[in-house]
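So this one's input.cif, mmCIF, C-alpha atoms:
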```cif
data_my_file
#
loop_
_atom_site.group_PDB
_atom_site.id
_atom_site.type_symbol
_atom_site.label_atom_id
_atom_site.label_comp_id
_atom_site.auth_asym_id
_atom_site.auth_seq_id
_atom_site.Cartn_x
_atom_site.Cartn_y
_atom_site.Cartn_z
ATOM 1 C CA MET S 1372 -0.476 83.155 58.486
ATOM 2 C CA THR S 1373 -1.756 82.137 61.913
ATOM 3 C CA SER S 1374 1.819 81.954 63.252
ATOM 4 C CA LEU S 1375 2.552 85.458 61.966
ATOM 5 C CA VAL S 1376 -0.557 86.871 63.625
ATOM 6 C CA ALA S 1377 0.349 85.045 66.843
ATOM 7 C CA ILE S 1378 3.718 86.814 66.787
ATOM 8 C CA ILE S 1379 1.928 90.143 66.386
ATOM 9 C CA PHE S 1380 -0.203 89.374 69.443
ATOM 10 C CA PHE S 1381 2.937 88.295 71.304
ATOM 11 C CA ILE S 1382 4.512 91.700 70.560
ATOM 12 C CA LEU S 1383 1.306 93.372 71.729
ATOM 13 C CA GLY S 1384 1.626 91.375 74.944
ATOM 14 C CA LEU S 1385 5.210 92.585 75.375
ATOM 15 C CA ILE S 1386 3.998 96.180 75.157
ATOM 16 C CA ILE S 1387 1.119 95.594 77.575
ATOM 17 C CA GLY S 1388 3.510 93.730 79.888
ATOM 18 C CA SER S 1389 5.742 96.804 80.019
ATOM 19 C CA PHE S 1390 2.714 98.849 81.065
ATOM 20 C CA LEU S 1391 1.765 96.234 83.674
ATOM 21 C CA ASN S 1392 5.245 96.558 85.186
ATOM 22 C CA VAL S 1393 4.593 100.255 85.699
ATOM 23 C CA VAL S 1394 1.248 99.539 87.349
ATOM 24 C CA ILE S 1395 2.818 96.921 89.647
ATOM 25 C CA LEU S 1396 5.609 99.322 90.568
ATOM 26 C CA ARG S 1397 3.393 102.319 91.302
ATOM 27 C CA LEU S 1398 0.320 100.603 92.736
ATOM 28 C CA ASN S 1399 -0.430 101.754 96.292
ATOM 29 C CA THR S 1400 2.440 104.249 96.209
ATOM 30 C CA ARG S 1401 0.281 107.253 95.401
ATOM 31 C CA LYS S 1402 -2.863 108.768 96.836
ATOM 32 C CA SER S 1403 -5.147 107.196 94.246
ATOM 33 C CA PHE S 1404 -5.126 104.068 92.103
ATOM 34 C CA PHE S 1405 -5.145 106.188 88.947
ATOM 35 C CA GLY S 1406 -1.846 107.741 90.041
ATOM 36 C CA ALA S 1407 -0.288 104.535 88.778
ATOM 37 C CA PHE S 1408 -1.019 105.679 85.228
ATOM 38 C CA SER S 1409 0.816 109.008 85.336
ATOM 39 C CA GLY S 1410 4.418 110.147 85.464
ATOM 40 C CA LEU S 1411 7.579 109.367 83.501
ATOM 41 C CA SER S 1412 9.580 106.183 83.959
ATOM 42 C CA ALA S 1413 12.932 106.536 85.711
ATOM 43 C CA CYS S 1414 15.679 104.379 87.184
ATOM 44 C CA MET S 1415 14.756 103.314 90.711
ATOM 45 C CA SER S 1416 18.323 103.919 91.913
ATOM 46 C CA CYS S 1417 19.556 107.145 90.288
ATOM 47 C CA GLN S 1418 16.135 108.543 89.249
ATOM 48 C CA ASN S 1419 17.478 109.223 85.758
ATOM 49 C CA LYS S 1420 14.608 109.649 83.303
ATOM 50 C CA LEU S 1421 14.581 106.825 80.783
ATOM 51 C CA SER S 1422 14.861 107.490 77.061
ATOM 52 C CA TRP S 1423 12.547 105.844 74.538
ATOM 53 C CA TYR S 1424 15.164 103.299 73.519
ATOM 54 C CA GLU S 1425 15.452 102.213 77.148
ATOM 55 C CA LEU S 1426 11.747 101.428 77.262
ATOM 56 C CA ILE S 1427 11.487 98.919 74.422
ATOM 57 C CA PRO S 1428 9.914 95.847 76.033
ATOM 58 C CA LEU S 1429 12.321 92.955 76.606
ATOM 59 C CA PHE S 1430 14.890 94.146 74.046
ATOM 60 C CA SER S 1431 15.991 97.168 76.093
ATOM 61 C CA PHE S 1432 16.763 94.884 79.036
ATOM 62 C CA LEU S 1433 18.803 92.601 76.789
ATOM 63 C CA GLY S 1434 20.546 95.516 75.068
ATOM 64 C CA LEU S 1435 21.463 97.149 78.383
ATOM 65 C CA LYS S 1436 22.579 93.749 79.732
ATOM 66 C CA GLY S 1437 20.249 94.128 82.676
ATOM 67 C CA ARG S 1438 21.802 97.328 84.025
ATOM 68 C CA CYS S 1439 20.872 101.010 84.128
ATOM 69 C CA ARG S 1440 22.659 102.937 81.368
ATOM 70 C CA ASN S 1441 23.414 105.802 83.762
ATOM 71 C CA CYS S 1442 24.345 104.269 87.144
ATOM 72 C CA LYS S 1443 24.938 100.626 86.096
ATOM 73 C CA THR S 1444 22.632 99.329 88.816
ATOM 74 C CA LYS S 1445 21.100 95.940 88.059
ATOM 75 C CA ILE S 1446 17.559 96.078 86.675
ATOM 76 C CA SER S 1447 15.096 93.722 88.318
ATOM 77 C CA ILE S 1448 14.516 90.529 86.353
ATOM 78 C CA GLN S 1449 10.819 91.141 87.014
ATOM 79 C CA TYR S 1450 10.594 93.541 84.074
ATOM 80 C CA PRO S 1451 11.582 91.208 81.221
ATOM 81 C CA LEU S 1452 9.829 88.237 82.817
ATOM 82 C CA VAL S 1453 6.511 90.083 83.118
ATOM 83 C CA GLU S 1454 6.844 91.375 79.565
ATOM 84 C CA PHE S 1455 7.713 87.957 78.171
ATOM 85 C CA GLY S 1456 5.042 86.217 80.240
ATOM 86 C CA THR S 1457 2.372 88.675 79.131
ATOM 87 C CA GLY S 1458 3.500 88.168 75.542
ATOM 88 C CA LEU S 1459 2.993 84.424 75.919
ATOM 89 C CA ILE S 1460 -0.426 84.983 77.503
ATOM 90 C CA PHE S 1461 -1.590 87.243 74.680
ATOM 91 C CA ALA S 1462 -0.308 84.800 72.055
ATOM 92 C CA GLY S 1463 -1.929 81.907 73.942
ATOM 93 C CA ILE S 1464 -5.313 83.649 74.086
ATOM 94 C CA PHE S 1465 -5.084 84.299 70.339
ATOM 95 C CA TRP S 1466 -4.227 80.660 69.717
ATOM 96 C CA LYS S 1467 -7.236 79.518 71.728
ATOM 97 C CA LEU S 1468 -9.720 81.900 70.099
ATOM 98 C CA SER S 1469 -8.277 82.072 66.572
ATOM 99 C CA PHE S 1470 -10.948 79.722 65.194
ATOM 100 C CA LEU S 1471 -13.466 82.533 65.741
ATOM 101 C CA ILE S 1472 -11.774 84.882 63.267
ATOM 102 C CA GLU S 1473 -13.257 83.217 60.217
ATOM 103 C CA GLN S 1474 -16.602 82.611 61.916
ATOM 104 C CA ASP S 1475 -17.211 86.088 63.342
ATOM 105 C CA LEU S 1476 -14.484 88.711 63.677
ATOM 106 C CA LEU S 1477 -16.553 90.862 66.054
ATOM 107 C CA ILE S 1478 -17.117 87.972 68.462
ATOM 108 C CA PHE S 1479 -13.388 87.158 68.319
ATOM 109 C CA THR S 1480 -12.477 90.770 69.065
ATOM 110 C CA ILE S 1481 -14.837 91.089 72.027
ATOM 111 C CA SER S 1482 -13.801 87.714 73.447
ATOM 112 C CA TYR S 1483 -10.107 88.435 73.010
ATOM 113 C CA ILE S 1484 -10.246 91.885 74.602
ATOM 114 C CA TYR S 1485 -12.140 90.516 77.597
ATOM 115 C CA TYR S 1486 -9.797 87.628 78.345
ATOM 116 C CA ALA S 1487 -6.683 89.670 77.586
ATOM 117 C CA PHE S 1488 -7.893 92.240 80.109
ATOM 118 C CA MET S 1489 -8.746 89.614 82.719
ATOM 119 C CA PHE S 1490 -5.416 87.822 82.496
ATOM 120 C CA SER S 1491 -3.574 91.148 82.503
ATOM 121 C CA LEU S 1492 -5.272 91.844 85.829
ATOM 122 C CA LEU S 1493 -4.191 88.413 87.048
ATOM 123 C CA VAL S 1494 -0.582 89.128 86.057
ATOM 124 C CA VAL S 1495 -0.594 92.320 88.135
ATOM 125 C CA ILE S 1496 -2.165 90.469 91.081
ATOM 126 C CA ALA S 1497 0.320 87.594 90.860
ATOM 127 C CA ILE S 1498 3.448 89.745 90.691
ATOM 128 C CA TYR S 1499 2.210 92.157 93.342
ATOM 129 C CA ASP S 1500 1.548 89.237 95.689
ATOM 130 C CA LEU S 1501 4.983 87.820 94.872
ATOM 131 C CA LYS S 1502 6.645 91.123 95.765
ATOM 132 C CA HIS S 1503 4.569 92.212 98.749
ATOM 133 C CA LYS S 1504 2.837 88.998 99.920
ATOM 134 C CA ILE S 1505 -0.578 90.638 99.691
ATOM 135 C CA ILE S 1506 -3.332 90.779 97.096
ATOM 136 C CA PRO S 1507 -4.786 94.306 96.786
ATOM 137 C CA ASP S 1508 -8.492 94.278 97.563
ATOM 138 C CA LEU S 1509 -9.167 96.780 94.775
ATOM 139 C CA LEU S 1510 -7.726 94.476 92.121
ATOM 140 C CA SER S 1511 -9.595 91.475 93.512
ATOM 141 C CA PHE S 1512 -12.821 93.485 93.444
ATOM 142 C CA ILE S 1513 -12.283 94.647 89.856
ATOM 143 C CA PHE S 1514 -11.374 91.140 88.716
ATOM 144 C CA GLY S 1515 -14.301 89.546 90.552
ATOM 145 C CA ALA S 1516 -16.769 92.141 89.255
ATOM 146 C CA PHE S 1517 -15.725 91.662 85.625
ATOM 147 C CA ALA S 1518 -15.722 87.885 86.061
ATOM 148 C CA PHE S 1519 -19.271 88.019 87.417
ATOM 149 C CA VAL S 1520 -20.430 90.216 84.521
ATOM 150 C CA GLY S 1521 -18.752 87.723 82.193
ATOM 151 C CA LEU S 1522 -21.216 85.065 83.390
ATOM 152 C CA PHE S 1523 -23.876 86.890 81.377
ATOM 153 C CA LEU S 1524 -21.699 87.671 78.353
ATOM 154 C CA PHE S 1525 -19.618 84.548 77.683
ATOM 155 C CA SER S 1526 -20.351 80.870 77.259
ATOM 156 C CA ASN S 1527 -17.494 78.391 76.787
ATOM 157 C CA PHE S 1528 -15.178 81.436 76.584
ATOM 158 C CA ILE S 1529 -17.054 82.843 73.579
ATOM 159 C CA PHE S 1530 -19.054 86.073 73.591
ATOM 160 C CA PHE S 1531 -22.687 85.040 73.893
ATOM 161 C CA ILE S 1532 -25.286 86.980 75.865
ATOM 162 C CA HIS S 1533 -27.275 84.570 78.017
ATOM 163 C CA PHE S 1534 -28.564 83.984 81.540
ATOM 164 C CA PRO S 1535 -26.168 81.778 83.532
ATOM 165 C CA THR S 1536 -27.197 78.585 85.263
ATOM 166 C CA ILE S 1537 -27.320 78.189 89.039
ATOM 167 C CA LEU S 1538 -24.071 76.203 88.912
ATOM 168 C CA GLU S 1539 -22.374 79.013 87.018
ATOM 169 C CA PHE S 1540 -23.551 81.453 89.682
ATOM 170 C CA LEU S 1541 -22.223 79.186 92.419
ATOM 171 C CA SER S 1542 -18.926 78.367 90.677
ATOM 172 C CA GLY S 1543 -17.129 81.324 92.229
ATOM 173 C CA ILE S 1544 -18.426 80.655 95.736
ATOM 174 C CA LEU S 1545 -17.628 76.942 95.554
ATOM 175 C CA THR S 1546 -14.110 77.655 94.272
ATOM 176 C CA ALA S 1547 -13.459 80.200 97.006
ATOM 177 C CA PHE S 1548 -14.913 78.089 99.823
ATOM 178 C CA PRO S 1549 -11.836 75.872 100.494
ATOM 179 C CA PHE S 1550 -9.614 78.945 100.791
ATOM 180 C CA ALA S 1551 -12.058 80.724 103.086
ATOM 181 C CA PHE S 1552 -12.371 77.543 105.165
ATOM 182 C CA PHE S 1553 -8.592 77.129 105.563
ATOM 183 C CA TRP S 1554 -8.271 80.828 106.377
ATOM 184 C CA PHE S 1555 -10.995 80.594 109.023
ATOM 185 C CA ILE S 1556 -9.856 77.467 110.884
ATOM 186 C CA SER S 1557 -6.180 78.501 110.824
ATOM 187 C CA GLY S 1558 -6.728 82.113 111.750
ATOM 188 C CA GLY S 1559 -5.005 83.164 108.551
ATOM 189 C CA LYS S 1560 -1.869 81.063 109.152
ATOM 190 C CA TRP S 1561 -2.413 78.496 106.392
ATOM 191 C CA MET S 1562 -4.020 80.685 103.780
ATOM 192 C CA GLY S 1563 -4.670 84.394 103.333
ATOM 193 C CA PHE S 1564 -8.216 85.611 102.799
ATOM 194 C CA GLY S 1565 -6.996 87.429 99.695
ATOM 195 C CA ASP S 1566 -6.595 84.032 98.014
ATOM 196 C CA ALA S 1567 -10.278 83.307 98.675
ATOM 197 C CA LYS S 1568 -11.277 86.612 97.092
ATOM 198 C CA LEU S 1569 -9.140 85.852 94.052
ATOM 199 C CA ALA S 1570 -10.508 82.297 93.783
ATOM 200 C CA LEU S 1571 -14.037 83.728 93.742
ATOM 201 C CA GLY S 1572 -13.333 85.575 90.486
ATOM 202 C CA ILE S 1573 -11.422 82.647 88.992
ATOM 203 C CA GLY S 1574 -14.425 80.390 89.612
ATOM 204 C CA TRP S 1575 -16.715 82.766 87.761
ATOM 205 C CA LEU S 1576 -14.182 83.241 84.970
ATOM 206 C CA LEU S 1577 -13.482 79.560 84.256
ATOM 207 C CA GLY S 1578 -16.521 77.737 85.562
ATOM 208 C CA LEU S 1579 -16.414 75.220 88.397
ATOM 209 C CA ILE S 1580 -14.639 72.350 86.610
ATOM 210 C CA GLY S 1581 -12.057 74.614 84.954
ATOM 211 C CA ALA S 1582 -11.410 76.502 88.182
ATOM 212 C CA LEU S 1583 -11.042 73.343 90.286
ATOM 213 C CA SER S 1584 -8.720 71.845 87.671
ATOM 214 C CA GLY S 1585 -6.698 75.055 87.810
ATOM 215 C CA LEU S 1586 -6.552 74.712 91.604
ATOM 216 C CA VAL S 1587 -5.068 71.237 91.200
ATOM 217 C CA VAL S 1588 -2.306 72.704 89.039
ATOM 218 C CA ALA S 1589 -1.825 75.547 91.539
ATOM 219 C CA PHE S 1590 -1.485 73.273 94.566
ATOM 220 C CA TRP S 1591 0.841 70.820 92.808
ATOM 221 C CA SER S 1592 3.077 73.556 91.407
ATOM 222 C CA GLY S 1593 3.085 75.318 94.775
ATOM 223 C CA ALA S 1594 4.044 72.062 96.506
ATOM 224 C CA ILE S 1595 6.883 71.447 94.044
ATOM 225 C CA VAL S 1596 8.264 74.952 94.536
ATOM 226 C CA GLY S 1597 7.941 74.582 98.307
ATOM 227 C CA ILE S 1598 9.898 71.309 98.254
ATOM 228 C CA ILE S 1599 12.598 72.883 96.082
ATOM 229 C CA LEU S 1600 12.901 75.787 98.538
ATOM 230 C CA VAL S 1601 13.257 73.363 101.453
ATOM 231 C CA ILE S 1602 15.992 71.431 99.615
ATOM 232 C CA LEU S 1603 17.836 74.634 98.741
ATOM 233 C CA SER S 1604 17.550 75.926 102.290
ATOM 234 C CA LYS S 1605 19.105 72.744 103.670
ATOM 235 C CA LYS S 1606 21.777 72.599 100.988
ATOM 236 C CA HIS S 1607 22.851 76.213 101.396
ATOM 237 C CA LYS S 1608 21.825 76.543 105.055
ATOM 238 C CA ILE S 1609 19.445 79.403 104.369
ATOM 239 C CA ASN S 1610 17.091 79.607 107.329
ATOM 240 C CA SER S 1611 14.626 81.892 105.578
ATOM 241 C CA MET S 1612 13.746 79.263 102.998
ATOM 242 C CA GLY S 1613 11.827 76.488 104.625
ATOM 243 C CA MET S 1614 8.349 75.158 105.188
ATOM 244 C CA LYS S 1615 7.661 77.958 107.668
ATOM 245 C CA SER S 1616 8.414 80.586 105.040
ATOM 246 C CA GLU S 1617 5.439 82.402 103.599
ATOM 247 C CA ILE S 1618 5.029 81.499 99.932
ATOM 248 C CA PRO S 1619 2.637 83.770 98.002
ATOM 249 C CA PHE S 1620 -0.016 81.576 96.440
ATOM 250 C CA ALA S 1621 -1.535 83.995 93.909
ATOM 251 C CA PRO S 1622 1.168 83.285 91.260
ATOM 252 C CA PHE S 1623 0.278 79.578 91.385
ATOM 253 C CA LEU S 1624 -3.437 80.340 91.217
ATOM 254 C CA VAL S 1625 -2.866 82.498 88.150
ATOM 255 C CA LEU S 1626 -0.667 79.862 86.513
ATOM 256 C CA GLY S 1627 -3.290 77.182 87.126
ATOM 257 C CA ALA S 1628 -6.086 79.445 85.875
ATOM 258 C CA PHE S 1629 -4.247 80.242 82.646
ATOM 259 C CA LEU S 1630 -3.400 76.618 81.892
ATOM 260 C CA ALA S 1631 -6.963 75.559 82.671
ATOM 261 C CA PHE S 1632 -8.244 78.276 80.336
ATOM 262 C CA ILE S 1633 -5.887 77.529 77.442
ATOM 263 C CA PHE S 1634 -6.116 73.733 77.552
ATOM 264 C CA GLU S 1635 -9.643 73.474 79.031
ATOM 265 C CA LEU S 1636 -8.342 71.190 81.760
ATOM 266 C CA ASN S 1637 -10.748 68.735 83.333
ATOM 267 C CA PHE S 1638 -9.226 66.492 85.996
ATOM 268 C CA PHE S 1639 -12.574 65.248 87.256
ATOM 269 C CA GLY S 1640 -13.986 63.395 84.274
ATOM 270 C CA PHE S 1641 -17.313 65.239 84.057
#
```

What would the structure in this file look like if it were written as structure tokens?
Amino acid sequence: MTSLVAIIFFILGLIIGSFLNVVILRLNTRKSFFGAFSGLSACMSCQNKLSWYELIPLFSFLGLKGRCRNCKTKISIQYPLVEFGTGLIFAGIFWKLSFLIEQDLLIFTISYIYYAFMFSLLVVIAIYDLKHKIIPDLLSFIFGAFAFVGLFLFSNFIFFIHFPTILEFLSGILTAFPFAFFWFISGGKWMGFGDAKLALGIGWLLGLIGALSGLVVAFWSGAIVGIILVILSKKHKINSMGMKSEIPFAPFLVLGAFLAFIFELNFFGF
């Protein structure tokens, strides 16, 4: 039964992921943020309006073999990856919180909606940074604000109204400090200030130990990808892929945050 419900949440994640793709695509392309939520979907190359059967998350991409039905232009791999990734996130959040269903369905529902919303925001931030090498301040503000409010509404990732401890208040600041420090002493060359803003919200969302453990995952995964890019650049003589290349760090922060959330990582022994 649990596996079946997890599949349902995975499908829900696919649908939300399709919507997130639209937000990522349209964000900062219109006069207001809410412009991202209006208008019909169309092919980016031929501007042909897409039919309903071309908008089925993941399956439309597979059915069309990754090409526009009208002009045969390749469809960005971003679309199925975001949909599939969001599906995994939604299923993962259900898996983590499923024990609450029998205890209190209302608490499960509130907790699930909150964390599904927060990680959906992180998906948009990660992919936007990957595409444009910048984290929109508006998204960082929204994420940070909801994370801060969550200090009063969640304890150990479960809905529970309480007054947070001093350490919980400081968790965001302490998580963001290394990024702000590297940004300051390097003049923005080592680390963007947007990463510090994002880390602030992650600290409040996960708590200090969870956030720092997520940072460990982020730095290690970022280092591995960086090494792979250097090897590929030397092997294929691609000058643009080397240690001097700018690698967006938000995707690694989001990956680390999600793994720390799902598995309650603690690399520090306390």

Quiz item: Counting only C-alpha atoms, what is within 7 Å of Gly1627 of chain S, bar same-chain residues fewer than 2 positions away, as a ChimeraX atom specification?
Solution: /S:1585-1586,1588-1589,1623-1625,1629-1631

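Ranking S:Ser1491, S:Ile1464, S:Leu1476, S:Leu1576 by their shortest atom-to-atom distance to Phe1519 of chain S, with all atoms listed in the file included, puts S:Leu1576 first.
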
Practice problem: Just the residues within 12 Å of Phe1381 of chain S, please, counting only C-alpha atoms, with nothing from its chain fewer than 3 positions along; format it as a VMD selection string. | Solution: chain S and resid 1374 to 1378 1384 to 1388 1428 to 1429 1454 to 1466 1487

Exercise. Considering only C-alpha atoms, state which residue in the set S:Pro1507, S:Leu1396, S:Asn1527, S:Ser1389 is at the smallest distance from Glu1425 of chain S.
Key: S:Ser1389

Self-check item: Residues near Leu1510 of chain S, cut-off 9 Å, all atoms listed in the file, skip fewer than 2 positions along chain, as a PyMOL selection string
Solution: chain S and resi 1492-1493+1495-1496+1506-1508+1512-1515+1569

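Take atom CA of Leu1571 of chain S and atom CA of Phe1523 of chain S: the distance between them is 16.1 Å.
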
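Take the candidates S:Ser1416, S:Ser1592, S:Ser1511, S:Thr1536 and check each one against Ile1573 of chain S using only C-alpha atoms; the shortest distance goes to S:Ser1511.
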
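Between atom CA of Gly1543 of chain S and atom CA of Leu1522 of chain S lies a distance of 10.4 Å.
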
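One finds atom CA of Gly1578 of chain S at 6.2 Å from atom CA of Glu1539 of chain S.
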
For the file shown, what are the residues hit by the PyMOL selection byres ((chain S and resi 1432) around 12), laid out as a compact mmCIF listing (two decimals) with C-alpha atoms, in the coordinates of the input?
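Once everything was written out, this is out-v1.txt:
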```txt
# COMPACT_ATOMS: atom_id res chain seq x y z
CA SER S 1389 5.74 96.80 80.02
CA TYR S 1424 15.16 103.30 73.52
CA GLU S 1425 15.45 102.21 77.15
CA LEU S 1426 11.75 101.43 77.26
CA ILE S 1427 11.49 98.92 74.42
CA PRO S 1428 9.91 95.85 76.03
CA LEU S 1429 12.32 92.96 76.61
CA PHE S 1430 14.89 94.15 74.05
CA SER S 1431 15.99 97.17 76.09
CA LEU S 1433 18.80 92.60 76.79
CA GLY S 1434 20.55 95.52 75.07
CA LEU S 1435 21.46 97.15 78.38
CA LYS S 1436 22.58 93.75 79.73
CA GLY S 1437 20.25 94.13 82.68
CA ARG S 1438 21.80 97.33 84.02
CA CYS S 1439 20.87 101.01 84.13
CA ARG S 1440 22.66 102.94 81.37
CA LYS S 1445 21.10 95.94 88.06
CA ILE S 1446 17.56 96.08 86.68
CA SER S 1447 15.10 93.72 88.32
CA ILE S 1448 14.52 90.53 86.35
CA GLN S 1449 10.82 91.14 87.01
CA TYR S 1450 10.59 93.54 84.07
CA PRO S 1451 11.58 91.21 81.22
CA LEU S 1452 9.83 88.24 82.82
CA GLU S 1454 6.84 91.38 79.56
CA PHE S 1455 7.71 87.96 78.17
```

Practice problem: Identify which of the residues S:His1533, S:Ile1472, S:Leu1509, S:Met1562 lies closest to Asn1399 of chain S, counting only C-alpha atoms when measuring atom-to-atom distances. | Solution: S:Leu1509
